[in-house]
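Shown next: target.cif, containing mmCIF, N, CA and C atoms.
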```
data_upload
#
loop_
_atom_site.label_atom_id
_atom_site.label_comp_id
_atom_site.auth_asym_id
_atom_site.auth_seq_id
_atom_site.Cartn_x
_atom_site.Cartn_y
_atom_site.Cartn_z
N MET A 28 87.89 101.58 111.41
CA MET A 28 87.84 102.96 111.85
C MET A 28 88.49 103.84 110.79
N ALA A 29 87.86 104.94 110.49
CA ALA A 29 88.38 105.86 109.47
C ALA A 29 89.60 106.59 110.00
N ASN A 30 90.57 106.81 109.09
CA ASN A 30 91.72 107.59 109.53
C ASN A 30 91.34 109.06 109.62
N ILE A 31 92.24 109.85 110.17
CA ILE A 31 91.91 111.26 110.44
C ILE A 31 91.62 112.04 109.16
N ASN A 32 92.32 111.75 108.06
CA ASN A 32 92.05 112.45 106.81
C ASN A 32 90.64 112.15 106.30
N GLU A 33 90.22 110.89 106.39
CA GLU A 33 88.88 110.54 105.93
C GLU A 33 87.81 111.24 106.77
N THR A 34 88.03 111.33 108.07
CA THR A 34 87.09 112.02 108.95
C THR A 34 87.03 113.50 108.60
N LEU A 35 88.18 114.11 108.39
CA LEU A 35 88.25 115.52 108.04
C LEU A 35 87.59 115.77 106.68
N ILE A 36 87.91 114.95 105.70
CA ILE A 36 87.34 115.09 104.37
C ILE A 36 85.83 114.97 104.41
N ARG A 37 85.32 113.97 105.12
CA ARG A 37 83.88 113.75 105.16
C ARG A 37 83.16 114.90 105.86
N SER A 38 83.73 115.40 106.96
CA SER A 38 83.03 116.48 107.67
C SER A 38 83.05 117.78 106.87
N VAL A 39 84.15 118.09 106.19
CA VAL A 39 84.22 119.29 105.34
C VAL A 39 83.26 119.14 104.17
N PHE A 40 83.25 117.96 103.54
CA PHE A 40 82.36 117.74 102.40
C PHE A 40 80.90 117.85 102.81
N ASP A 41 80.54 117.31 103.96
CA ASP A 41 79.15 117.40 104.42
C ASP A 41 78.73 118.85 104.63
N GLU A 42 79.63 119.68 105.13
CA GLU A 42 79.31 121.10 105.30
C GLU A 42 79.21 121.80 103.95
N MET A 43 80.03 121.41 102.98
CA MET A 43 79.96 122.00 101.65
C MET A 43 78.63 121.67 100.97
N VAL A 44 78.13 120.47 101.19
CA VAL A 44 76.86 120.04 100.58
C VAL A 44 75.71 120.90 101.09
N LYS A 45 75.79 121.36 102.33
CA LYS A 45 74.74 122.23 102.87
C LYS A 45 74.66 123.54 102.10
N HIS A 46 75.78 124.01 101.59
CA HIS A 46 75.82 125.28 100.87
C HIS A 46 75.75 125.12 99.35
N LYS A 47 76.08 123.93 98.87
CA LYS A 47 76.02 123.65 97.44
C LYS A 47 75.45 122.24 97.26
N PRO A 48 74.14 122.09 97.31
CA PRO A 48 73.50 120.77 97.28
C PRO A 48 73.83 119.92 96.06
N SER A 49 74.24 120.53 94.97
CA SER A 49 74.55 119.75 93.77
C SER A 49 75.73 118.79 94.01
N LEU A 50 76.53 119.04 95.02
CA LEU A 50 77.64 118.13 95.34
C LEU A 50 77.15 116.79 95.89
N SER A 51 75.93 116.75 96.38
CA SER A 51 75.42 115.53 97.01
C SER A 51 75.23 114.40 96.00
N LYS A 52 75.22 114.69 94.71
CA LYS A 52 75.04 113.62 93.71
C LYS A 52 76.18 112.61 93.77
N VAL A 53 77.33 113.00 94.26
CA VAL A 53 78.45 112.08 94.41
C VAL A 53 78.14 111.03 95.47
N LEU A 54 77.44 111.44 96.51
CA LEU A 54 77.12 110.53 97.62
C LEU A 54 75.98 109.59 97.28
N VAL A 55 75.08 109.97 96.40
CA VAL A 55 73.92 109.15 96.06
C VAL A 55 74.35 107.83 95.45
N ALA A 56 75.30 107.85 94.55
CA ALA A 56 75.76 106.62 93.90
C ALA A 56 76.36 105.65 94.92
N ASP A 57 77.10 106.18 95.89
CA ASP A 57 77.70 105.33 96.90
C ASP A 57 76.66 104.71 97.82
N GLU A 58 75.63 105.46 98.16
CA GLU A 58 74.59 104.94 99.04
C GLU A 58 73.78 103.85 98.36
N ASP A 59 73.58 103.94 97.05
CA ASP A 59 72.84 102.91 96.33
C ASP A 59 73.56 101.57 96.36
N GLU A 60 74.87 101.62 96.38
CA GLU A 60 75.67 100.39 96.35
C GLU A 60 76.11 99.97 97.73
N ASP A 61 75.67 100.66 98.77
CA ASP A 61 76.07 100.38 100.16
C ASP A 61 77.59 100.34 100.31
N GLU A 62 78.27 101.26 99.66
CA GLU A 62 79.71 101.35 99.75
C GLU A 62 80.09 102.61 100.51
N LEU A 63 81.31 102.62 101.00
CA LEU A 63 81.85 103.84 101.58
C LEU A 63 82.20 104.78 100.44
N PRO A 64 82.09 106.08 100.66
CA PRO A 64 82.44 107.02 99.58
C PRO A 64 83.93 106.96 99.28
N ASP A 65 84.29 107.25 98.04
CA ASP A 65 85.70 107.30 97.66
C ASP A 65 86.24 108.65 98.14
N TYR A 66 87.05 108.60 99.17
CA TYR A 66 87.53 109.83 99.79
C TYR A 66 88.46 110.61 98.87
N ARG A 67 89.06 109.95 97.90
CA ARG A 67 89.90 110.68 96.93
C ARG A 67 89.04 111.60 96.08
N ILE A 68 87.86 111.14 95.70
CA ILE A 68 86.95 111.98 94.90
C ILE A 68 86.41 113.13 95.74
N LEU A 69 86.01 112.82 96.98
CA LEU A 69 85.51 113.88 97.85
C LEU A 69 86.59 114.93 98.11
N ALA A 70 87.82 114.48 98.36
CA ALA A 70 88.92 115.42 98.60
C ALA A 70 89.16 116.29 97.37
N ASP A 71 89.10 115.69 96.19
CA ASP A 71 89.31 116.45 94.96
C ASP A 71 88.23 117.52 94.79
N LEU A 72 86.98 117.18 95.09
CA LEU A 72 85.89 118.16 95.01
C LEU A 72 86.08 119.29 96.02
N ILE A 73 86.53 118.95 97.21
CA ILE A 73 86.80 119.98 98.22
C ILE A 73 87.88 120.93 97.71
N ILE A 74 88.96 120.37 97.22
CA ILE A 74 90.08 121.18 96.73
C ILE A 74 89.63 122.10 95.60
N LYS A 75 88.84 121.58 94.67
CA LYS A 75 88.41 122.37 93.52
C LYS A 75 87.41 123.46 93.87
N ASN A 76 86.69 123.30 94.98
CA ASN A 76 85.66 124.27 95.34
C ASN A 76 86.14 125.35 96.30
N PHE A 77 87.39 125.29 96.68
CA PHE A 77 87.98 126.36 97.49
C PHE A 77 88.83 127.24 96.58
N PRO A 78 89.07 128.47 96.99
CA PRO A 78 89.98 129.33 96.20
C PRO A 78 91.35 128.66 96.08
N TRP A 79 92.05 128.97 94.99
CA TRP A 79 93.31 128.30 94.67
C TRP A 79 94.30 128.26 95.83
N PRO A 80 94.59 129.37 96.53
CA PRO A 80 95.58 129.29 97.61
C PRO A 80 95.18 128.32 98.73
N VAL A 81 93.90 128.25 99.02
CA VAL A 81 93.42 127.33 100.04
C VAL A 81 93.45 125.89 99.51
N GLY A 82 93.03 125.71 98.26
CA GLY A 82 93.02 124.39 97.65
C GLY A 82 94.39 123.75 97.60
N VAL A 83 95.42 124.55 97.33
CA VAL A 83 96.80 124.03 97.30
C VAL A 83 97.18 123.48 98.66
N GLU A 84 96.85 124.20 99.71
CA GLU A 84 97.19 123.75 101.06
C GLU A 84 96.36 122.53 101.46
N LEU A 85 95.11 122.48 101.04
CA LEU A 85 94.29 121.30 101.31
C LEU A 85 94.85 120.07 100.60
N ARG A 86 95.31 120.26 99.37
CA ARG A 86 95.92 119.15 98.63
C ARG A 86 97.11 118.60 99.39
N ARG A 87 97.93 119.49 99.93
CA ARG A 87 99.09 119.05 100.71
C ARG A 87 98.64 118.33 101.99
N LEU A 88 97.60 118.84 102.63
CA LEU A 88 97.10 118.23 103.85
C LEU A 88 96.57 116.83 103.59
N PHE A 89 95.83 116.67 102.50
CA PHE A 89 95.21 115.38 102.20
C PHE A 89 96.18 114.36 101.59
N SER A 90 97.33 114.81 101.14
CA SER A 90 98.24 113.89 100.44
C SER A 90 98.83 112.86 101.39
N GLY A 91 99.08 111.70 100.88
CA GLY A 91 99.66 110.63 101.68
C GLY A 91 101.09 110.88 102.08
N SER A 92 101.79 111.71 101.32
CA SER A 92 103.20 111.96 101.62
C SER A 92 103.39 112.82 102.85
N MET A 93 102.32 113.43 103.35
CA MET A 93 102.42 114.31 104.51
C MET A 93 102.15 113.55 105.82
N ARG A 94 102.17 112.24 105.78
CA ARG A 94 101.86 111.46 106.98
C ARG A 94 102.97 111.53 108.02
N GLN A 95 104.20 111.70 107.58
CA GLN A 95 105.32 111.80 108.50
C GLN A 95 105.59 113.26 108.81
N PRO A 96 105.78 113.61 110.08
CA PRO A 96 106.10 115.00 110.38
C PRO A 96 107.46 115.38 109.81
N MET A 97 107.58 116.64 109.42
CA MET A 97 108.85 117.11 108.87
C MET A 97 109.85 117.26 110.01
N PRO A 98 111.12 116.91 109.75
CA PRO A 98 112.14 117.09 110.79
C PRO A 98 112.39 118.56 111.03
N GLU A 99 112.69 118.89 112.28
CA GLU A 99 112.97 120.28 112.60
C GLU A 99 114.35 120.65 112.09
N ILE A 100 114.45 121.88 111.62
CA ILE A 100 115.71 122.38 111.09
C ILE A 100 116.38 123.22 112.17
N GLY A 101 117.68 122.97 112.33
CA GLY A 101 118.43 123.82 113.27
C GLY A 101 118.78 123.16 114.49
#
```
Go ahead and express the file in the form of structure tokens.
Amino acid sequence: MANINETLIRSVFDEMVKHKPSLSKVLVADEDEDELPDYRILADLIIKNFPWPVGVELRRLFSGSMRQPMPEIG
């Protein structure tokens, strides 16, 4: 079962492909080899195709270090 980041990355990437079909070339290579897509590559493409302020936050969301919730202050 895919983790939540992989599900989020795949659904966002699929929507991006609808608006920019040239991104689909990344998926073609994976389908030929019957492999799962490399979610790190898909996440990087998502980050690069959003405006910088949004991309920075997406990078933080997709990063492995954000798996633990931050402790509350105070």
Contacts of stretch 72-86 of chain A within 8 Å, all atoms listed in the file, excl. fewer than 6 positions in-chain, as a list in words:
Ile36, Val39, Phe40, Met43 and Tyr66 of chain A
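Minimum atom-to-atom distances from A:Asp71, A:Phe89, A:Asp65, A:Val53 to A:Leu35 were compared using only C-alpha atoms, and the lowest value belongs to A:Phe89.
When atom CA of A:Val55 is paired with atom C of A:Asn32, their separation reads 19.8 Å.
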One-decimal distance in Å that lies between atom CA of A:Lys45 and atom CA of A:Arg67:
20.0 Å
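Rounded to one decimal, atom C of A:Thr34 and atom CA of A:Ser49 lie 20.4 Å from each other.
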